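Coordinates from structure.cif are shown below (mmCIF, C-alpha atoms).
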data_protein
loop_
_atom_site.group_PDB
_atom_site.id
_atom_site.type_symbol
_atom_site.label_atom_id
_atom_site.label_comp_id
_atom_site.auth_asym_id
_atom_site.auth_seq_id
_atom_site.Cartn_x
_atom_site.Cartn_y
_atom_site.Cartn_z
ATOM 1 C CA MET A 430 84.830 124.424 126.188
ATOM 2 C CA THR A 431 83.271 121.815 128.465
ATOM 3 C CA ALA A 432 79.994 123.708 128.643
ATOM 4 C CA ALA A 433 79.918 124.042 124.853
ATOM 5 C CA CYS A 434 80.652 120.321 124.456
ATOM 6 C CA ALA A 435 77.952 119.410 126.948
ATOM 7 C CA SER A 436 75.468 121.537 125.039
ATOM 8 C CA LEU A 437 76.556 120.024 121.720
ATOM 9 C CA THR A 438 76.170 116.540 123.182
ATOM 10 C CA ALA A 439 72.750 117.401 124.627
ATOM 11 C CA ASP A 440 71.590 118.635 121.208
ATOM 12 C CA CYS A 441 72.306 115.176 119.845
ATOM 13 C CA ILE A 442 70.147 113.228 122.297
ATOM 14 C CA ASN A 443 67.061 113.162 120.090
ATOM 15 C CA PRO A 444 68.837 112.212 116.833
ATOM 16 C CA ILE A 445 70.704 109.399 118.616
ATOM 17 C CA VAL A 446 67.619 108.082 120.404
ATOM 18 C CA THR A 447 65.598 108.160 117.181
ATOM 19 C CA SER A 448 68.384 106.419 115.265
ATOM 20 C CA THR A 449 68.728 103.679 117.866
ATOM 21 C CA VAL A 450 64.993 102.980 118.058
ATOM 22 C CA THR A 451 64.654 102.944 114.258
ATOM 23 C CA VAL A 452 67.661 100.673 113.676
ATOM 24 C CA PHE A 453 66.483 98.105 116.261
ATOM 25 C CA ARG A 454 62.934 98.173 114.893
ATOM 26 C CA THR A 455 63.996 97.881 111.252
ATOM 27 C CA MET A 456 66.830 95.394 111.596
ATOM 28 C CA ALA A 457 65.638 93.181 114.429
ATOM 29 C CA GLY A 458 61.908 93.856 114.800
ATOM 30 C CA CYS A 459 62.713 94.930 118.353
ATOM 31 C CA GLU A 460 60.863 97.793 120.075
ATOM 32 C CA LEU A 461 63.133 99.737 122.403
ATOM 33 C CA HIS A 462 61.785 101.997 125.141
ATOM 34 C CA HIS A 463 64.146 104.667 126.359
ATOM 35 C CA GLY A 464 64.687 105.706 129.949
ATOM 36 C CA LYS A 465 66.058 108.935 131.365
ATOM 37 C CA PRO A 466 69.363 110.176 129.885
ATOM 38 C CA PHE A 467 72.225 110.315 132.410
ATOM 39 C CA LEU A 468 75.743 111.697 132.678
ATOM 40 C CA VAL A 469 78.090 108.801 132.036
ATOM 41 C CA GLY A 470 80.505 109.910 134.746
ATOM 42 C CA ASP A 471 77.857 109.337 137.414
ATOM 43 C CA LYS A 472 76.803 105.910 136.259
ATOM 44 C CA LYS A 473 78.383 103.405 133.927
ATOM 45 C CA GLY A 474 76.514 102.407 130.798
ATOM 46 C CA ALA A 475 78.508 99.425 129.528
ATOM 47 C CA HIS A 476 76.924 95.985 129.374
ATOM 48 C CA ASP A 477 78.523 92.741 128.124
ATOM 49 C CA ILE A 478 79.289 93.763 124.541
ATOM 50 C CA SER A 479 79.727 97.255 123.123
ATOM 51 C CA GLY A 480 80.173 98.677 119.654
ATOM 52 C CA VAL A 481 82.235 101.868 119.413
ATOM 53 C CA ILE A 482 82.349 104.164 116.389
ATOM 54 C CA GLY A 483 84.125 107.476 115.928
ATOM 55 C CA LEU A 484 82.797 110.553 114.166
ATOM 56 C CA SER A 485 84.890 113.405 112.844
ATOM 57 C CA GLY A 486 84.145 116.636 111.008
ATOM 58 C CA LYS A 487 83.030 119.989 112.438
ATOM 59 C CA ALA A 488 82.740 118.109 115.730
ATOM 60 C CA LEU A 489 84.544 115.027 117.016
ATOM 61 C CA GLY A 490 82.673 112.308 118.780
ATOM 62 C CA THR A 491 81.988 108.717 119.627
ATOM 63 C CA VAL A 492 78.831 106.642 119.731
ATOM 64 C CA VAL A 493 78.872 103.539 121.944
ATOM 65 C CA LEU A 494 76.111 100.927 121.683
ATOM 66 C CA SER A 495 76.198 98.542 124.612
ATOM 67 C CA LEU A 496 74.071 95.416 124.945
ATOM 68 C CA SER A 497 73.554 92.851 127.630
ATOM 69 C CA GLU A 498 74.413 89.353 126.385
ATOM 70 C CA PRO A 499 70.778 88.150 126.038
ATOM 71 C CA VAL A 500 69.898 91.147 123.856
ATOM 72 C CA ALA A 501 73.004 90.657 121.715
ATOM 73 C CA LEU A 502 72.129 86.976 121.156
ATOM 74 C CA ARG A 503 68.463 87.621 120.351
ATOM 75 C CA VAL A 504 69.208 90.517 118.010
ATOM 76 C CA THR A 505 71.676 88.294 116.167
ATOM 77 C CA GLU A 506 68.998 85.598 115.940
ATOM 78 C CA ALA A 507 66.528 88.146 114.534
ATOM 79 C CA MET A 508 69.034 89.223 111.889
ATOM 80 C CA LEU A 509 70.637 85.863 111.023
ATOM 81 C CA SER A 510 67.783 83.415 111.833
ATOM 82 C CA GLU A 511 69.864 81.351 114.250
ATOM 83 C CA LEU A 512 70.236 81.848 117.999
ATOM 84 C CA PRO A 513 73.935 81.784 118.962
ATOM 85 C CA ALA A 514 74.695 79.895 122.203
ATOM 86 C CA LYS A 515 77.163 82.558 123.304
ATOM 87 C CA ILE A 516 78.894 85.713 122.080
ATOM 88 C CA ASP A 517 80.692 84.555 118.929
ATOM 89 C CA SER A 518 81.929 86.200 115.729
ATOM 90 C CA ASP A 519 78.367 86.458 114.341
ATOM 91 C CA VAL A 520 77.269 88.365 117.430
ATOM 92 C CA VAL A 521 80.330 90.617 117.251
ATOM 93 C CA ASP A 522 79.645 91.374 113.575
ATOM 94 C CA THR A 523 75.970 92.061 114.305
ATOM 95 C CA VAL A 524 76.794 94.518 117.091
ATOM 96 C CA GLY A 525 79.365 96.233 114.858
ATOM 97 C CA GLU A 526 76.823 96.518 112.073
ATOM 98 C CA LEU A 527 74.119 97.968 114.361
ATOM 99 C CA THR A 528 76.647 100.463 115.746
ATOM 100 C CA ASN A 529 77.605 101.494 112.234
ATOM 101 C CA MET A 530 73.936 101.983 111.308
ATOM 102 C CA ILE A 531 73.147 104.033 114.412
ATOM 103 C CA GLY A 532 76.239 106.177 113.828
ATOM 104 C CA GLY A 533 75.306 106.602 110.172
ATOM 105 C CA SER A 534 71.726 107.547 110.943
ATOM 106 C CA ALA A 535 72.791 110.016 113.649
ATOM 107 C CA LYS A 536 75.375 111.516 111.282
ATOM 108 C CA ALA A 537 72.669 112.035 108.646
ATOM 109 C CA GLN A 538 70.438 113.786 111.191
ATOM 110 C CA LEU A 539 73.352 115.985 112.291
ATOM 111 C CA GLU A 540 74.179 117.005 108.739
ATOM 112 C CA HIS A 541 75.293 120.511 109.778
ATOM 113 C CA LEU A 542 78.285 118.994 111.622
ATOM 114 C CA GLN A 543 79.517 117.338 108.376
ATOM 115 C CA MET A 544 80.866 114.318 110.209
ATOM 116 C CA SER A 545 82.228 111.122 108.739
ATOM 117 C CA LEU A 546 82.260 107.742 110.453
ATOM 118 C CA SER A 547 85.297 105.626 111.228
ATOM 119 C CA LEU A 548 85.148 101.824 111.506
ATOM 120 C CA PRO A 549 83.065 100.228 114.241
ATOM 121 C CA ASN A 550 85.013 98.217 116.805
ATOM 122 C CA VAL A 551 83.382 95.823 119.212
ATOM 123 C CA ILE A 552 84.450 95.367 122.817
ATOM 124 C CA VAL A 553 83.670 92.110 124.602
ATOM 125 C CA GLY A 554 84.191 91.591 128.328
ATOM 126 C CA HIS A 555 81.761 91.329 131.231
ATOM 127 C CA ASP A 556 83.338 94.093 133.283
ATOM 128 C CA HIS A 557 84.568 96.468 130.636
ATOM 129 C CA GLN A 558 84.181 100.202 131.025
ATOM 130 C CA ILE A 559 84.511 102.765 128.245
ATOM 131 C CA ALA A 560 85.853 106.194 129.158
ATOM 132 C CA PHE A 561 85.662 109.408 127.158
ATOM 133 C CA PRO A 562 88.280 112.192 127.158
ATOM 134 C CA GLY A 563 88.160 114.406 130.251
ATOM 135 C CA ASP A 564 86.966 117.491 128.346
ATOM 136 C CA VAL A 565 83.910 115.708 126.943
ATOM 137 C CA THR A 566 80.672 115.246 128.902
ATOM 138 C CA PRO A 567 79.238 111.998 127.573
ATOM 139 C CA ILE A 568 75.558 111.259 127.946
ATOM 140 C CA GLY A 569 74.052 107.800 128.247
ATOM 141 C CA VAL A 570 70.544 106.783 127.304
ATOM 142 C CA PRO A 571 69.254 103.516 128.774
ATOM 143 C CA PHE A 572 66.775 101.467 126.786
ATOM 144 C CA ASP A 573 64.886 98.326 127.591
ATOM 145 C CA CYS A 574 63.233 95.743 125.430
ATOM 146 C CA PRO A 575 61.710 92.321 126.084
ATOM 147 C CA TRP A 576 65.166 90.742 125.750
ATOM 148 C CA GLY A 577 66.965 92.940 128.294
ATOM 149 C CA ALA A 578 69.026 96.093 128.625
ATOM 150 C CA VAL A 579 70.589 98.307 125.967
ATOM 151 C CA CYS A 580 72.472 101.561 126.443
ATOM 152 C CA VAL A 581 73.770 104.164 124.032
ATOM 153 C CA GLN A 582 76.491 106.539 125.175
ATOM 154 C CA PHE A 583 77.762 109.413 123.115
ATOM 155 C CA GLY A 584 79.983 112.378 123.544
ATOM 156 C CA LEU A 585 80.935 115.167 121.180
ATOM 157 C CA SER A 586 83.672 117.736 121.275
ATOM 158 C CA ASP A 587 83.525 120.983 119.315
ATOM 159 C CA THR A 588 87.222 120.794 118.474
ATOM 160 C CA GLY A 589 86.706 119.363 114.990
ATOM 161 C CA THR A 590 87.839 121.009 111.770
ATOM 162 C CA MET B 911 88.351 94.029 99.126
ATOM 163 C CA THR B 912 89.867 92.020 101.976
ATOM 164 C CA ALA B 913 93.167 91.625 100.125
ATOM 165 C CA ALA B 914 93.250 95.351 99.371
ATOM 166 C CA CYS B 915 92.501 96.159 103.023
ATOM 167 C CA ALA B 916 95.191 93.775 104.228
ATOM 168 C CA SER B 917 97.686 95.421 101.902
ATOM 169 C CA LEU B 918 96.608 98.905 103.013
ATOM 170 C CA THR B 919 96.961 97.850 106.648
ATOM 171 C CA ALA B 920 100.383 96.294 105.985
ATOM 172 C CA ASP B 921 101.566 99.545 104.367
ATOM 173 C CA CYS B 922 100.849 101.286 107.646
ATOM 174 C CA ILE B 923 102.970 99.075 109.879
ATOM 175 C CA ASN B 924 106.070 101.254 109.711
ATOM 176 C CA PRO B 925 104.314 104.601 110.273
ATOM 177 C CA ILE B 926 102.413 103.171 113.250
ATOM 178 C CA VAL B 927 105.492 101.528 114.793
ATOM 179 C CA THR B 928 107.532 104.705 114.349
ATOM 180 C CA SER B 929 104.751 106.829 115.839
ATOM 181 C CA THR B 930 104.367 104.563 118.872
ATOM 182 C CA VAL B 931 108.097 104.433 119.610
ATOM 183 C CA THR B 932 108.464 108.207 119.209
ATOM 184 C CA VAL B 933 105.447 109.064 121.378
ATOM 185 C CA PHE B 934 106.581 106.792 124.245
ATOM 186 C CA ARG B 935 110.139 108.121 124.034
ATOM 187 C CA THR B 936 109.099 111.773 123.890
ATOM 188 C CA MET B 937 106.251 111.741 126.394
ATOM 189 C CA ALA B 938 107.424 109.175 128.928
ATOM 190 C CA GLY B 939 111.160 108.692 128.331
ATOM 191 C CA CYS B 940 110.325 105.044 127.652
ATOM 192 C CA GLU B 941 112.174 102.997 125.030
ATOM 193 C CA LEU B 942 109.907 100.474 123.339
ATOM 194 C CA HIS B 943 111.253 97.500 121.410
ATOM 195 C CA HIS B 944 108.900 95.985 118.884
ATOM 196 C CA GLY B 945 108.353 92.293 118.253
ATOM 197 C CA LYS B 946 106.984 90.530 115.209
ATOM 198 C CA PRO B 947 103.688 91.875 113.784
ATOM 199 C CA PHE B 948 100.824 89.363 113.917
ATOM 200 C CA LEU B 949 97.319 88.973 112.542
ATOM 201 C CA VAL B 950 94.956 89.952 115.336
ATOM 202 C CA GLY B 951 92.518 87.133 114.508
ATOM 203 C CA ASP B 952 95.162 84.540 115.414
ATOM 204 C CA LYS B 953 96.187 86.074 118.700
ATOM 205 C CA LYS B 954 94.594 88.696 120.923
ATOM 206 C CA GLY B 955 96.472 91.895 121.544
ATOM 207 C CA ALA B 956 94.488 93.506 124.352
ATOM 208 C CA HIS B 957 96.055 94.054 127.755
ATOM 209 C CA ASP B 958 94.452 95.680 130.837
ATOM 210 C CA ILE B 959 93.708 99.121 129.409
ATOM 211 C CA SER B 960 93.293 100.140 125.779
ATOM 212 C CA GLY B 961 92.893 103.427 123.954
ATOM 213 C CA VAL B 962 90.850 103.299 120.750
ATOM 214 C CA ILE B 963 90.764 106.039 118.119
ATOM 215 C CA GLY B 964 89.012 106.126 114.769
ATOM 216 C CA LEU B 965 90.363 107.530 111.511
ATOM 217 C CA SER B 966 88.293 108.527 108.514
ATOM 218 C CA GLY B 967 89.062 109.975 105.104
ATOM 219 C CA LYS B 968 90.191 108.164 101.938
ATOM 220 C CA ALA B 969 90.453 105.109 104.181
ATOM 221 C CA LEU B 970 88.621 104.198 107.388
ATOM 222 C CA GLY B 971 90.469 102.742 110.300
ATOM 223 C CA THR B 972 91.125 102.297 113.975
ATOM 224 C CA VAL B 973 94.279 102.417 116.066
ATOM 225 C CA VAL B 974 94.195 100.584 119.400
ATOM 226 C CA LEU B 975 96.944 101.131 121.986
ATOM 227 C CA SER B 976 96.828 98.489 124.685
ATOM 228 C CA LEU B 977 98.942 98.519 127.839
ATOM 229 C CA SER B 978 99.421 96.131 130.701
ATOM 230 C CA GLU B 979 98.546 97.776 134.026
ATOM 231 C CA PRO B 980 102.178 98.237 135.220
ATOM 232 C CA VAL B 981 103.087 100.055 131.996
ATOM 233 C CA ALA B 982 99.976 102.251 132.214
ATOM 234 C CA LEU B 983 100.830 103.222 135.806
ATOM 235 C CA ARG B 984 104.518 103.933 135.107
ATOM 236 C CA VAL B 985 103.810 105.923 131.953
ATOM 237 C CA THR B 986 101.327 108.020 133.937
ATOM 238 C CA GLU B 987 103.999 108.549 136.609
ATOM 239 C CA ALA B 988 106.493 109.631 133.935
ATOM 240 C CA MET B 989 104.006 112.155 132.551
ATOM 241 C CA LEU B 990 102.381 113.404 135.771
ATOM 242 C CA SER B 991 105.205 112.860 138.321
ATOM 243 C CA GLU B 992 103.093 110.719 140.627
ATOM 244 C CA LEU B 993 102.718 106.934 140.562
ATOM 245 C CA PRO B 994 99.017 106.001 140.705
ATOM 246 C CA ALA B 995 98.217 103.002 142.939
ATOM 247 C CA LYS B 996 95.765 101.606 140.403
ATOM 248 C CA ILE B 997 94.064 102.484 137.121
ATOM 249 C CA ASP B 998 92.276 105.753 137.890
ATOM 250 C CA SER B 999 91.072 108.750 135.890
ATOM 251 C CA ASP B 1000 94.641 110.092 135.499
ATOM 252 C CA VAL B 1001 95.730 106.788 133.961
ATOM 253 C CA VAL B 1002 92.687 106.722 131.687
ATOM 254 C CA ASP B 1003 93.400 110.293 130.515
ATOM 255 C CA THR B 1004 97.066 109.459 129.942
ATOM 256 C CA VAL B 1005 96.256 106.426 127.822
ATOM 257 C CA GLY B 1006 93.704 108.463 125.851
ATOM 258 C CA GLU B 1007 96.274 111.188 125.264
ATOM 259 C CA LEU B 1008 98.955 108.723 124.104
ATOM 260 C CA THR B 1009 96.445 107.076 121.757
ATOM 261 C CA ASN B 1010 95.517 110.453 120.321
ATOM 262 C CA MET B 1011 99.189 111.300 119.758
ATOM 263 C CA ILE B 1012 99.973 107.970 118.096
ATOM 264 C CA GLY B 1013 96.900 108.324 115.872
ATOM 265 C CA GLY B 1014 97.865 111.913 115.046
ATOM 266 C CA SER B 1015 101.444 111.008 114.218
ATOM 267 C CA ALA B 1016 100.381 108.050 112.070
ATOM 268 C CA LYS B 1017 97.827 110.231 110.290
ATOM 269 C CA ALA B 1018 100.544 112.779 109.481
ATOM 270 C CA GLN B 1019 102.764 110.049 108.048
ATOM 271 C CA LEU B 1020 99.859 108.712 105.979
ATOM 272 C CA GLU B 1021 99.063 112.122 104.536
ATOM 273 C CA HIS B 1022 97.961 110.695 101.170
ATOM 274 C CA LEU B 1023 94.948 109.062 102.873
ATOM 275 C CA GLN B 1024 93.732 112.484 104.126
ATOM 276 C CA MET B 1025 92.342 111.019 107.324
ATOM 277 C CA SER B 1026 90.977 112.849 110.324
ATOM 278 C CA LEU B 1027 90.910 111.535 113.883
ATOM 279 C CA SER B 1028 87.857 111.022 116.055
ATOM 280 C CA LEU B 1029 87.981 111.187 119.860
ATOM 281 C CA PRO B 1030 90.039 108.645 121.779
ATOM 282 C CA ASN B 1031 88.052 106.336 124.058
ATOM 283 C CA VAL B 1032 89.661 104.213 126.722
ATOM 284 C CA ILE B 1033 88.552 100.679 127.581
ATOM 285 C CA VAL B 1034 89.313 99.276 131.022
ATOM 286 C CA GLY B 1035 88.767 95.634 131.956
ATOM 287 C CA HIS B 1036 91.178 92.768 132.578
ATOM 288 C CA ASP B 1037 89.620 90.409 130.041
ATOM 289 C CA HIS B 1038 88.409 92.779 127.384
ATOM 290 C CA GLN B 1039 88.796 91.969 123.711
ATOM 291 C CA ILE B 1040 88.511 94.439 120.851
ATOM 292 C CA ALA B 1041 87.180 93.142 117.535
ATOM 293 C CA PHE B 1042 87.407 94.762 114.117
ATOM 294 C CA PRO B 1043 84.801 94.455 111.340
ATOM 295 C CA GLY B 1044 84.920 91.127 109.498
ATOM 296 C CA ASP B 1045 86.145 92.660 106.223
ATOM 297 C CA VAL B 1046 89.205 94.252 107.853
ATOM 298 C CA THR B 1047 92.416 92.344 108.557
ATOM 299 C CA PRO B 1048 93.848 94.023 111.639
ATOM 300 C CA ILE B 1049 97.522 93.722 112.442
ATOM 301 C CA GLY B 1050 99.015 93.808 115.917
ATOM 302 C CA VAL B 1051 102.520 94.847 116.847
ATOM 303 C CA PRO B 1052 103.767 93.756 120.269
ATOM 304 C CA PHE B 1053 106.263 95.944 122.099
ATOM 305 C CA ASP B 1054 108.115 95.485 125.311
ATOM 306 C CA CYS B 1055 109.760 97.923 127.649
ATOM 307 C CA PRO B 1056 111.267 97.671 131.139
ATOM 308 C CA TRP B 1057 107.794 98.184 132.645
ATOM 309 C CA GLY B 1058 105.999 95.417 130.739
ATOM 310 C CA ALA B 1059 103.960 94.745 127.632
ATOM 311 C CA VAL B 1060 102.420 97.139 125.124
ATOM 312 C CA CYS B 1061 100.557 96.300 121.929
ATOM 313 C CA VAL B 1062 99.292 98.404 119.057
ATOM 314 C CA GLN B 1063 96.579 97.020 116.802
ATOM 315 C CA PHE B 1064 95.336 98.741 113.699
ATOM 316 C CA GLY B 1065 93.126 97.973 110.784
ATOM 317 C CA LEU B 1066 92.206 100.012 107.746
ATOM 318 C CA SER B 1067 89.484 99.638 105.174
ATOM 319 C CA ASP B 1068 89.665 101.223 101.734
ATOM 320 C CA THR B 1069 85.958 102.076 101.798
ATOM 321 C CA GLY B 1070 86.480 105.703 102.833
ATOM 322 C CA THR B 1071 85.372 108.720 100.835
#
Rewrite the structure of this file - the entire thing - as structure tokens.
Amino acid sequence: MTAACASLTADCINPIVTSTVTVFRTMAGCELHHGKPFLVGDKKGAHDISGVIGLSGKALGTVVLSLSEPVALRVTEAMLSELPAKIDSDVVDTVGELTNMIGGSAKAQLEHLQMSLSLPNVIVGHDHQIAFPGDVTPIGVPFDCPWGAVCVQFGLSDTGT
Amino acid sequence: MTAACASLTADCINPIVTSTVTVFRTMAGCELHHGKPFLVGDKKGAHDISGVIGLSGKALGTVVLSLSEPVALRVTEAMLSELPAKIDSDVVDTVGELTNMIGGSAKAQLEHLQMSLSLPNVIVGHDHQIAFPGDVTPIGVPFDCPWGAVCVQFGLSDTGT
């Protein structure tokens, strides 16, 4: 099953990358440039604040959007027209909303998996790590932009209904 | 919508408490005693390691199971017959599995909402906080057991399909 999951996850790289780039461009006028995808087990992808959203349907999965603090603050400024001094409830809501949009856009591009989204949750903490179940091979995609580092991690399992 | 969500979330307190107590008793021989439910906005419920699982269907939601490190280690010992020295991949998998079981049991008790589970993710980090979307009123239920503190947080939104 692990090989099948890894393949399923790999198939989703392009839809997730496209969704992330489009959402940042549209919502925050921010151009992201992606780096080389990596296996999350080898390298951690979490920055200072991460949005997590679950997907369920013919596959089960999670999309994690992780931002360094400067990116989170500047994206919030771009969306709300005020630069927060630190990570506050506006920043948390902004990261949750971006995560929801990226999950929604990826879901639409992966229509054949008939997945629905759960609620986005946002994790704050400078040293947090986000682990996936042992039978899933999550992939991370690093991005950079003028404001700093962004990473999207996602993993899918073919054990859905 | 916030009032409706709060009511929906409140309706789930008993199924979630029952599920948590049953899963800990069955899987780890651990008797949990619950304290007074609280609004997560007023007080944070995250301990050292947290499992997060999404639910989607006629409602959207998240269940978060958060354990202090001593509880996470002892529960892992009870399930795997070896006491880990620190939070390692066995502990992460155990917390993910417990979260999945609690979500699954709660889902079964909330059959009318026809929800499906996403994958459990596990957050590690001593100071992590887990935020819910602004239009959800999450509720936390503290538990204690001989090994230390446990908390379950959950929030539901009635915006599902």
Selected by the PyMOL selection byres ((chain B) within 9 of (chain A)) in the shown coordinates: which residues, as a PyMOL selection string?
chain B and resi 962-967+969-972+999+1002-1003+1006-1007+1026-1044+1065-1067+1070-1071
In Å to one decimal, how far is CA of Leu542 (chain A) from CA of Phe1064 (chain B)?
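Separation of CA of Phe1064 (chain B) and CA of Leu542 (chain A): 26.6 Å.
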Fewer than 3 positions away in the same chain doesn't count, so skip those; otherwise give me all residues within 9 Å of His462 (chain A), counting only C-alpha atoms, as a ChimeraX atom specification.
/A:450,571-574
Can you tell me, as a PyMOL selection string, what residues are no more than 12 Å from Glu992 (chain B) when counting only C-alpha atoms, ignoring any on the same chain fewer than 6 positions away?
chain B and resi 983-986+1000-1001
Expand the PyMOL selection byres ((chain A and resi 536) around 10) into the explicit residue set it covers here, and present it as a VMD selection string.
chain A and resid 441 444 to 445 448 484 to 485 530 to 535 537 to 546
So which residues touch Val469 (chain A) within 8 Å, counting all atoms listed in the file, skipping near sequence neighbours fewer than 5 positions away, as a ChimeraX atom specification?
/A:474,566-569,582
Minimum-distance residue to Ser978 (chain B), chosen among B:Ile997, B:Met937, B:Val1060, B:Val927 (using all atoms listed in the file):
B:Val1060
Closest of A:Lys465, A:Arg454, A:His476, A:Lys487 to Met508 (chain A) - atom-to-atom distances counting all atoms listed in the file
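The closest residue to Met508 (chain A) is A:Arg454.
One distance worth recording is that between CA of Thr438 (chain A) and CA of Val452 (chain A), which is 20.4 Å.
Among the candidates A:Ala475, A:Val581, A:Ser436, A:Gly470, the residue lying nearest to Leu494 (chain A) is A:Val581 (atoms considered: all atoms listed in the file).
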Provide region 569-587 of chain A rebuilt to N, CA and C atoms, formatted as a compact mmCIF listing (two decimals), in the frame of the given file.
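Listing of result-v2.txt after writing:
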# COMPACT_ATOMS: atom_id res chain seq x y z
N GLY A 569 74.53 109.15 128.52
CA GLY A 569 74.05 107.80 128.25
C GLY A 569 72.53 107.81 128.19
N VAL A 570 72.00 106.97 127.34
CA VAL A 570 70.54 106.78 127.30
C VAL A 570 70.28 105.30 127.49
N PRO A 571 69.59 104.93 128.58
CA PRO A 571 69.25 103.52 128.77
C PRO A 571 67.99 103.16 127.99
N PHE A 572 67.97 101.97 127.48
CA PHE A 572 66.78 101.47 126.79
C PHE A 572 66.45 100.10 127.37
N ASP A 573 65.17 99.74 127.33
CA ASP A 573 64.89 98.33 127.59
C ASP A 573 64.00 97.77 126.50
N CYS A 574 64.05 96.46 126.40
CA CYS A 574 63.23 95.74 125.43
C CYS A 574 62.93 94.39 126.05
N PRO A 575 62.07 93.60 125.44
CA PRO A 575 61.71 92.32 126.08
C PRO A 575 62.91 91.40 126.34
N TRP A 576 64.00 91.62 125.62
CA TRP A 576 65.17 90.74 125.75
C TRP A 576 66.16 91.20 126.83
N GLY A 577 66.03 92.46 127.27
CA GLY A 577 66.96 92.94 128.29
C GLY A 577 67.38 94.38 128.06
N ALA A 578 68.58 94.70 128.58
CA ALA A 578 69.03 96.09 128.62
C ALA A 578 69.95 96.46 127.47
N VAL A 579 69.77 97.70 127.03
CA VAL A 579 70.59 98.31 125.97
C VAL A 579 70.96 99.70 126.46
N CYS A 580 72.13 100.18 126.10
CA CYS A 580 72.47 101.56 126.44
C CYS A 580 73.25 102.18 125.29
N VAL A 581 72.96 103.42 125.00
CA VAL A 581 73.77 104.16 124.03
C VAL A 581 74.45 105.29 124.78
N GLN A 582 75.75 105.42 124.59
CA GLN A 582 76.49 106.54 125.18
C GLN A 582 77.09 107.32 124.01
N PHE A 583 77.11 108.63 124.16
CA PHE A 583 77.76 109.41 123.12
C PHE A 583 78.32 110.69 123.73
N GLY A 584 79.37 111.15 123.09
CA GLY A 584 79.98 112.38 123.54
C GLY A 584 80.54 113.08 122.33
N LEU A 585 80.41 114.39 122.30
CA LEU A 585 80.94 115.17 121.18
C LEU A 585 81.82 116.28 121.71
N SER A 586 82.80 116.61 120.95
CA SER A 586 83.67 117.74 121.28
C SER A 586 83.60 118.70 120.10
N ASP A 587 83.64 120.00 120.40
CA ASP A 587 83.52 120.98 119.32
C ASP A 587 84.89 121.36 118.74
